[in-house]
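Step one of this worksheet: look at the structure below.
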Number of protein chains: 2
Amino acid sequence: MVRKPAKSGIKSGVKVASTRKPNMREAILAAAEELFSTYGFNAVSVRDIAQAAGANPGSVTYHFKTKDGLLLEIYRRHCGPMNRRRSELLAAARRVRDLQDRLEAIVRAYVLPAFTSGSDLAGGGTRFTRLRAIMSAEGNEVVRKIIAQTFDDTSHAFIDAIHESLPHIPRTDLVWRGHFLLGALYYTLVTPERVSRLSRGSADGTDAGHAIEELVRATVAALQAAPLDQGAPAPRKMAGANPGRALT
Amino acid sequence: MVRKPAKSGIKSGVKVASTRKPNMREAILAAAEELFSTYGFNAVSVRDIAQAAGANPGSVTYHFKTKDGLLLEIYRRHCGPMNRRRSELLAAARRVRDLQDRLEAIVRAYVLPAFTSGSDLAGGGTRFTRLRAIMSAEGNEVVRKIIAQTFDDTSHAFIDAIHESLPHIPRTDLVWRGHFLLGALYYTLVTPERVSRLSRGSADGTDAGHAIEELVRATVAALQAAPLDQGAPAPRKMAGANPGRALT
DNA sequence: TGAATATTTGGACGATAGTACAAATATGGT
DNA sequence: ACCATATTTGTACTATCGTCCAAATATTCA
């Protein structure tokens with residue numbers, strides 16, 4: 001890691017009785033989640049995590065075998081609950097009668113679980129979503145597999161639900177717009193203070209509730225836009241759009 | 001770096017006469033740009049760059065002093081031309097009579113320079129934009145300063161132009177939607193193959209022209225959406241939205 | 001050509017990375 | 001209390017990191 005000049009108040013080599021962790025495994029997971037989601041996977045060392053958790057570097061190896069294993073466990077922790085919550089909200093949204101309201105409910109069902117932390121572990125919350133954002137940019141190998149087998153199903157379900165509300169728009173366009181939604185969501189969580197700066201203080205980038213509403217409003221409008229002409233799109237390919245890249 | 005199992009055809013220690021670089025400095029810059037934009041700043045070592053450029057690790061130090069200096073020089077290379085092109089296109093867009101067309105032209109003026117590579121260096125192209133995307137996620141220290149003093153002006157100019165076309169929408173909402181545009185743009189460049197996969201082959205995520213059109217269409221619609229009620233937004237703050245985070 | 005300068009080379013430095021492992025300690029059931 | 005097991009600790013190993021530097025080589029220009 002590069003940052004964090006200030007050493008925590010713990011003097012090296014001195015035991016701190018009051019800080020004894022009842023479950024070190026959980027403490028390591030929490031510390032890793034926080035550090036990874038802040039600085040990225042590559043920039044954080046196992047020793048950084050151990051120190052932040054008040055543990056010994058060897059403990060990390062003992063509980064999770066490797067650094068990748070630790071990342072894997074974090075994903076395992078959150079993916080299930082988050083997607084389950086999404087499914088619940090999606091099912092409820094599907095029952096909304098008014099088509100306009102239903103579409104908005106669907107989008108909200110997708111966005112909300114990424115922000116709220118549920119029972120502080122269940123949904124995942126902003127920390128985990130921020131982690132996913134960083135991992136998608138860094139293109140981590142381990143994450144790619146988890147995503148493909150965990151999130152693609154959920155994404156399909158949402159696209160399908162949206163397609164039902166907007167049957168006149170080709171699926172392809174809806175896929176693109178869902179893709180844009182995810183990008184906007186990630187970027188909002190990764191750089192919350194930029195909005196504050198650009199709007200000269202009139203908006204607060206750290207106001208999650210407001211961010212959700214803005215995102216939902218914008219996404220619904222984007223989804224409803226007229227589809228592109230099926231005619232003749234530009235043929236040019238992107239230069240070096242490296243094939244093995246990550247996702248979600 | 002973690003990937004790239006296959007060693008390039010160059011045998012170690014054997015001179016390759018035909019591959020002699022006339023300008024090693026440029027070769028290093030190109031290699032660094034490609035590697036950084038693919039694997040991120042932290043995951044790529046100076047030695048990786050030197051090898052990819054057919055240079056000696058010491059040469060990198062000689063030309064750019066530090067790894068950060070190399071990154072800085074890459075930004076210097078691209079920021080000027082890209083923002084100049086944006087200004088040109090924005091000026092032209094402002095002259096469009098029809099309000100709807102003008103708005104679309106403005107958005108296109110923002111998006112286009114991020115995709116096209118101009119004279120293969122001038123505009124920057126997808127490689128540089130992909131690099132910016134990754135750097136914003138990794139939260140690099142060096143980049144933060146460059147962004148604040150280089151891109152914020154441009155962003156303001158675009159927000160202002162959009163505001164002129166949509167005077168009934170508060171600036172705050174337009175800032176949010178511009179923010180979402182940038183996130184969508186970044187995410188599209190970072191994970192181009194995901195769209196292909198989710199749309200079951202009917203769309204090609206590496207088709208830059210199509211991506212641009214989809215992005216413009218969606219963004220214009222989002223910008224035109226009715227603003228949020230000024231009423232009572234949710235008060236909750238995002239957990240751990242770490243203050244020192246990057247941007248653009 | 002020869003001297004001055006610019007660049008490249010190869011090796012080295014200390015720091016830190018991920019991981020492994022034996023010894024020390026804590027824990028829980030009988 | 002005792003033993004078996006689970007966990008924590010401290011340390012060490014190897015690999016690689018960014019950076020430095022003196023010598024070797026290329027280049028430029030009077």
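Every chain in the structure tokens has a letter given in the order shown (A, B, ...), and although residue numbers restart at 1 in each chain, ligands are simply numbered from 1 in the order shown.
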Give the residues of chain B that lie within 10 Å of chain C; count only C-alpha atoms (C1' of nucleotides), and format the answer as JSON, numbers by chain. {"B": [24, 55, 56, 57, 58, 59, 62, 63]}
Could you write out that same residue set with N, CA, C and O atoms as an mmCIF file, in the first residue's frame?
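Saved result, out01.cif, follows:
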```cif
data_model
loop_
_atom_site.group_PDB
_atom_site.id
_atom_site.type_symbol
_atom_site.label_atom_id
_atom_site.label_comp_id
_atom_site.auth_asym_id
_atom_site.auth_seq_id
_atom_site.Cartn_x
_atom_site.Cartn_y
_atom_site.Cartn_z
ATOM 1 N N MET B 24 13.756 5.384 -28.458
ATOM 2 C CA MET B 24 13.389 4.510 -27.363
ATOM 3 C C MET B 24 12.398 5.170 -26.410
ATOM 4 O O MET B 24 11.525 4.510 -25.850
ATOM 5 N N ALA B 55 13.553 -2.329 -24.199
ATOM 6 C CA ALA B 55 14.529 -1.422 -23.606
ATOM 7 C C ALA B 55 15.072 -1.999 -22.304
ATOM 8 O O ALA B 55 14.607 -3.020 -21.808
ATOM 9 N N ASN B 56 16.004 -1.330 -21.750
ATOM 10 C CA ASN B 56 16.566 -1.695 -20.461
ATOM 11 C C ASN B 56 15.829 -0.953 -19.358
ATOM 12 O O ASN B 56 15.471 0.216 -19.532
ATOM 13 N N PRO B 57 15.604 -1.633 -18.230
ATOM 14 C CA PRO B 57 14.907 -0.964 -17.120
ATOM 15 C C PRO B 57 15.547 0.377 -16.751
ATOM 16 O O PRO B 57 14.838 1.323 -16.403
ATOM 17 N N GLY B 58 16.827 0.445 -16.853
ATOM 18 C CA GLY B 58 17.499 1.687 -16.520
ATOM 19 C C GLY B 58 17.123 2.837 -17.445
ATOM 20 O O GLY B 58 17.131 4.002 -17.051
ATOM 21 N N SER B 59 16.796 2.504 -18.674
ATOM 22 C CA SER B 59 16.396 3.543 -19.625
ATOM 23 C C SER B 59 15.131 4.252 -19.189
ATOM 24 O O SER B 59 14.967 5.450 -19.411
ATOM 25 N N TYR B 62 16.091 6.676 -16.720
ATOM 26 C CA TYR B 62 16.821 7.774 -17.350
ATOM 27 C C TYR B 62 15.865 8.802 -17.984
ATOM 28 O O TYR B 62 16.018 10.003 -17.806
ATOM 29 N N HIS B 63 14.871 8.291 -18.697
ATOM 30 C CA HIS B 63 13.992 9.205 -19.436
ATOM 31 C C HIS B 63 12.918 9.842 -18.564
ATOM 32 O O HIS B 63 12.515 10.979 -18.802
#
```
Counting only C-alpha atoms (C1' of nucleotides), which residues of chain D come no farther than 10 Å from chain B, as a list in words? DT16, DC17, DG18, DT19, DC20 and DC21 of chain D
Mind the document's chain letters and residue numbers, and return as number ranges by chain the residues of stretch 108-157 of chain A that DSSP labels alpha helix (DSSP H). A: 108-115, 125-138, 141-157
Quick one: of A:Thr116, A:Ser155, A:Asn42, A:Thr150, who's nearest to A:Val175, counting only C-alpha atoms?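 Using only C-alpha atoms, the shortest distance to A:Val175 belongs to A:Ser155.
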Report as a PDB file with N, CA, C and O atoms, in the first residue's frame all protein, DNA and RNA residues lying within 10 Å of stretch 25-31 of chain A, evaluated on only C-alpha atoms (C1' of nucleotides), omitting residues in the same chain fewer than 2 positions from it.
```
ATOM      1  N   LYS A  21      -9.442  -9.841  19.528  1.00  0.00           N
ATOM      2  CA  LYS A  21     -10.551 -10.140  18.650  1.00  0.00           C
ATOM      3  C   LYS A  21     -11.122 -11.520  18.968  1.00  0.00           C
ATOM      4  O   LYS A  21     -10.377 -12.494  18.986  1.00  0.00           O
ATOM      5  N   PRO A  22     -12.428 -11.590  19.206  1.00  0.00           N
ATOM      6  CA  PRO A  22     -13.043 -12.879  19.496  1.00  0.00           C
ATOM      7  C   PRO A  22     -13.038 -13.796  18.266  1.00  0.00           C
ATOM      8  O   PRO A  22     -12.886 -14.985  18.373  1.00  0.00           O
ATOM      9  N   ASN A  23     -13.182 -13.194  17.105  1.00  0.00           N
ATOM     10  CA  ASN A  23     -13.155 -13.979  15.874  1.00  0.00           C
ATOM     11  C   ASN A  23     -12.243 -13.304  14.861  1.00  0.00           C
ATOM     12  O   ASN A  23     -12.637 -12.400  14.144  1.00  0.00           O
ATOM     13  N   GLU A  33     -11.758  -6.296   3.170  1.00  0.00           N
ATOM     14  CA  GLU A  33     -12.826  -5.684   2.387  1.00  0.00           C
ATOM     15  C   GLU A  33     -12.658  -4.172   2.336  1.00  0.00           C
ATOM     16  O   GLU A  33     -12.748  -3.558   1.274  1.00  0.00           O
ATOM     17  N   GLU A  34     -12.394  -3.605   3.486  1.00  0.00           N
ATOM     18  CA  GLU A  34     -12.229  -2.163   3.561  1.00  0.00           C
ATOM     19  C   GLU A  34     -11.027  -1.694   2.740  1.00  0.00           C
ATOM     20  O   GLU A  34     -11.117  -0.746   1.957  1.00  0.00           O
ATOM     21  N   LEU A  35      -9.914  -2.372   2.900  1.00  0.00           N
ATOM     22  CA  LEU A  35      -8.695  -1.938   2.217  1.00  0.00           C
ATOM     23  C   LEU A  35      -8.774  -2.174   0.711  1.00  0.00           C
ATOM     24  O   LEU A  35      -8.408  -1.301  -0.079  1.00  0.00           O
ATOM     25  N   PHE A  36      -9.243  -3.348   0.316  1.00  0.00           N
ATOM     26  CA  PHE A  36      -9.369  -3.630  -1.116  1.00  0.00           C
ATOM     27  C   PHE A  36     -10.289  -2.621  -1.792  1.00  0.00           C
ATOM     28  O   PHE A  36     -10.002  -2.132  -2.881  1.00  0.00           O
ATOM     29  N   SER A  37     -11.407  -2.325  -1.140  1.00  0.00           N
ATOM     30  CA  SER A  37     -12.385  -1.441  -1.775  1.00  0.00           C
ATOM     31  C   SER A  37     -11.895  -0.003  -1.812  1.00  0.00           C
ATOM     32  O   SER A  37     -12.467   0.829  -2.501  1.00  0.00           O
ATOM     33  N   VAL A  46      -0.838  -8.368   2.039  1.00  0.00           N
ATOM     34  CA  VAL A  46      -1.357  -9.220   3.099  1.00  0.00           C
ATOM     35  C   VAL A  46      -0.978  -8.650   4.465  1.00  0.00           C
ATOM     36  O   VAL A  46      -1.757  -8.708   5.414  1.00  0.00           O
ATOM     37  N   ASP A  48      -0.577  -5.514   5.202  1.00  0.00           N
ATOM     38  CA  ASP A  48      -1.464  -4.369   5.472  1.00  0.00           C
ATOM     39  C   ASP A  48      -2.755  -4.855   6.113  1.00  0.00           C
ATOM     40  O   ASP A  48      -3.236  -4.289   7.104  1.00  0.00           O
ATOM     41  N   ILE A  49      -3.305  -5.899   5.525  1.00  0.00           N
ATOM     42  CA  ILE A  49      -4.576  -6.432   6.015  1.00  0.00           C
ATOM     43  C   ILE A  49      -4.428  -6.956   7.435  1.00  0.00           C
ATOM     44  O   ILE A  49      -5.242  -6.662   8.316  1.00  0.00           O
ATOM     45  N   ALA A  50      -3.368  -7.730   7.644  1.00  0.00           N
ATOM     46  CA  ALA A  50      -3.139  -8.305   8.964  1.00  0.00           C
ATOM     47  C   ALA A  50      -3.024  -7.208  10.020  1.00  0.00           C
ATOM     48  O   ALA A  50      -3.633  -7.288  11.087  1.00  0.00           O
ATOM     49  N   GLN A  51      -2.259  -6.197   9.693  1.00  0.00           N
ATOM     50  CA  GLN A  51      -2.078  -5.109  10.651  1.00  0.00           C
ATOM     51  C   GLN A  51      -3.395  -4.410  10.958  1.00  0.00           C
ATOM     52  O   GLN A  51      -3.707  -4.121  12.119  1.00  0.00           O
ATOM     53  N   ALA A  52      -4.158  -4.140   9.922  1.00  0.00           N
ATOM     54  CA  ALA A  52      -5.442  -3.458  10.113  1.00  0.00           C
ATOM     55  C   ALA A  52      -6.407  -4.304  10.936  1.00  0.00           C
ATOM     56  O   ALA A  52      -7.262  -3.778  11.654  1.00  0.00           O
ATOM     57  N   ALA A  53      -6.261  -5.605  10.843  1.00  0.00           N
ATOM     58  CA  ALA A  53      -7.149  -6.502  11.582  1.00  0.00           C
ATOM     59  C   ALA A  53      -6.580  -6.830  12.963  1.00  0.00           C
ATOM     60  O   ALA A  53      -7.216  -7.534  13.741  1.00  0.00           O
ATOM     61  N   GLY A  54      -5.395  -6.340  13.253  1.00  0.00           N
ATOM     62  CA  GLY A  54      -4.743  -6.686  14.498  1.00  0.00           C
ATOM     63  C   GLY A  54      -4.338  -8.147  14.551  1.00  0.00           C
ATOM     64  O   GLY A  54      -4.362  -8.789  15.591  1.00  0.00           O
ATOM     65  N   ALA A  55      -3.975  -8.674  13.415  1.00  0.00           N
ATOM     66  CA  ALA A  55      -3.634 -10.100  13.325  1.00  0.00           C
ATOM     67  C   ALA A  55      -2.210 -10.274  12.817  1.00  0.00           C
ATOM     68  O   ALA A  55      -1.557  -9.314  12.425  1.00  0.00           O
ATOM     69  N   ASN A  56      -1.771 -11.486  12.819  1.00  0.00           N
ATOM     70  CA  ASN A  56      -0.463 -11.827  12.289  1.00  0.00           C
ATOM     71  C   ASN A  56      -0.599 -12.233  10.820  1.00  0.00           C
ATOM     72  O   ASN A  56      -1.573 -12.895  10.459  1.00  0.00           O
ATOM     73  N   PRO A  57       0.368 -11.831  10.002  1.00  0.00           N
ATOM     74  CA  PRO A  57       0.293 -12.195   8.582  1.00  0.00           C
ATOM     75  C   PRO A  57       0.057 -13.686   8.370  1.00  0.00           C
ATOM     76  O   PRO A  57      -0.640 -14.085   7.445  1.00  0.00           O
ATOM     77  N   SER A  59      -1.722 -15.617  10.063  1.00  0.00           N
ATOM     78  CA  SER A  59      -3.132 -15.949  10.271  1.00  0.00           C
ATOM     79  C   SER A  59      -3.938 -15.847   8.984  1.00  0.00           C
ATOM     80  O   SER A  59      -4.863 -16.625   8.748  1.00  0.00           O
ATOM     81  N   VAL A  60      -3.574 -14.895   8.180  1.00  0.00           N
ATOM     82  CA  VAL A  60      -4.280 -14.733   6.908  1.00  0.00           C
ATOM     83  C   VAL A  60      -4.076 -15.978   6.051  1.00  0.00           C
ATOM     84  O   VAL A  60      -5.012 -16.538   5.483  1.00  0.00           O
ATOM     85  N   TYR A  62      -3.313 -18.883   7.129  1.00  0.00           N
ATOM     86  CA  TYR A  62      -3.982 -20.019   7.784  1.00  0.00           C
ATOM     87  C   TYR A  62      -5.480 -20.079   7.423  1.00  0.00           C
ATOM     88  O   TYR A  62      -6.000 -21.139   7.078  1.00  0.00           O
ATOM     89  N   HIS A  63      -6.144 -18.944   7.461  1.00  0.00           N
ATOM     90  CA  HIS A  63      -7.594 -18.940   7.260  1.00  0.00           C
ATOM     91  C   HIS A  63      -7.982 -18.988   5.783  1.00  0.00           C
ATOM     92  O   HIS A  63      -9.014 -19.563   5.440  1.00  0.00           O
ATOM     93  N   PHE A  64      -7.176 -18.367   4.936  1.00  0.00           N
ATOM     94  CA  PHE A  64      -7.607 -18.215   3.541  1.00  0.00           C
ATOM     95  C   PHE A  64      -6.589 -18.744   2.540  1.00  0.00           C
ATOM     96  O   PHE A  64      -6.740 -18.545   1.356  1.00  0.00           O
ATOM     97  N   LEU A  70      -8.593 -15.101  -0.111  1.00  0.00           N
ATOM     98  CA  LEU A  70      -9.249 -14.095   0.724  1.00  0.00           C
ATOM     99  C   LEU A  70     -10.248 -13.288  -0.091  1.00  0.00           C
ATOM    100  O   LEU A  70     -11.396 -13.065   0.333  1.00  0.00           O
ATOM    101  N   LEU A  71      -9.827 -12.882  -1.261  1.00  0.00           N
ATOM    102  CA  LEU A  71     -10.737 -12.131  -2.142  1.00  0.00           C
ATOM    103  C   LEU A  71     -11.953 -12.982  -2.504  1.00  0.00           C
ATOM    104  O   LEU A  71     -13.096 -12.510  -2.487  1.00  0.00           O
ATOM    105  N   GLU A  73     -13.308 -15.352  -0.838  1.00  0.00           N
ATOM    106  CA  GLU A  73     -14.213 -15.506   0.304  1.00  0.00           C
ATOM    107  C   GLU A  73     -15.068 -14.254   0.488  1.00  0.00           C
ATOM    108  O   GLU A  73     -16.244 -14.339   0.841  1.00  0.00           O
ATOM    109  N   ILE A  74     -14.475 -13.089   0.251  1.00  0.00           N
ATOM    110  CA  ILE A  74     -15.251 -11.847   0.341  1.00  0.00           C
ATOM    111  C   ILE A  74     -16.406 -11.872  -0.655  1.00  0.00           C
ATOM    112  O   ILE A  74     -17.541 -11.531  -0.314  1.00  0.00           O
ATOM    113  N   ARG A  77     -19.115 -14.223   0.405  1.00  0.00           N
ATOM    114  CA  ARG A  77     -19.894 -13.650   1.484  1.00  0.00           C
ATOM    115  C   ARG A  77     -21.062 -12.796   0.995  1.00  0.00           C
ATOM    116  O   ARG A  77     -22.145 -12.810   1.546  1.00  0.00           O
ATOM    117  N   LEU A 121     -24.126  -6.978   6.704  1.00  0.00           N
ATOM    118  CA  LEU A 121     -23.340  -7.978   5.987  1.00  0.00           C
ATOM    119  C   LEU A 121     -24.153  -8.485   4.809  1.00  0.00           C
ATOM    120  O   LEU A 121     -23.649  -8.686   3.722  1.00  0.00           O
TER     121      LEU A 121
END
```
What does the structure give for the distance between atom CA of B:Thr172 and atom CA of B:Val216, in Å to one decimal? 20.1 Å
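With only C-alpha atoms as the basis for measurement, B:Ala137 is the residue among B:Ala137, B:Ile146, B:Ala92, B:Ala161 that approaches chain A most closely.
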How many Å separate atom CA of B:Ala105 from atom CA of B:Ala93?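 Spanning atom CA of B:Ala105 to atom CA of B:Ala93 is a straight-line distance of 5.1 Å.
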For chain B, which of A:Leu185, A:Ala157, A:Met82, A:Ile106 is the closest residue, counting only C-alpha atoms?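 Counting only C-alpha atoms, the residue closest to chain B is A:Leu185.
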Report the distance between atom CA of B:Phe151 and atom CA of B:Asp68 in Å, rounded to one decimal place. 19.3 Å
Contact residues around B:Val220 with only C-alpha atoms (C1' of nucleotides) at 8 Å, ignoring same-chain residues under 4 positions, as a PyMOL selection string: (chain A and resi 222) or (chain B and resi 103-104+107+216+224)
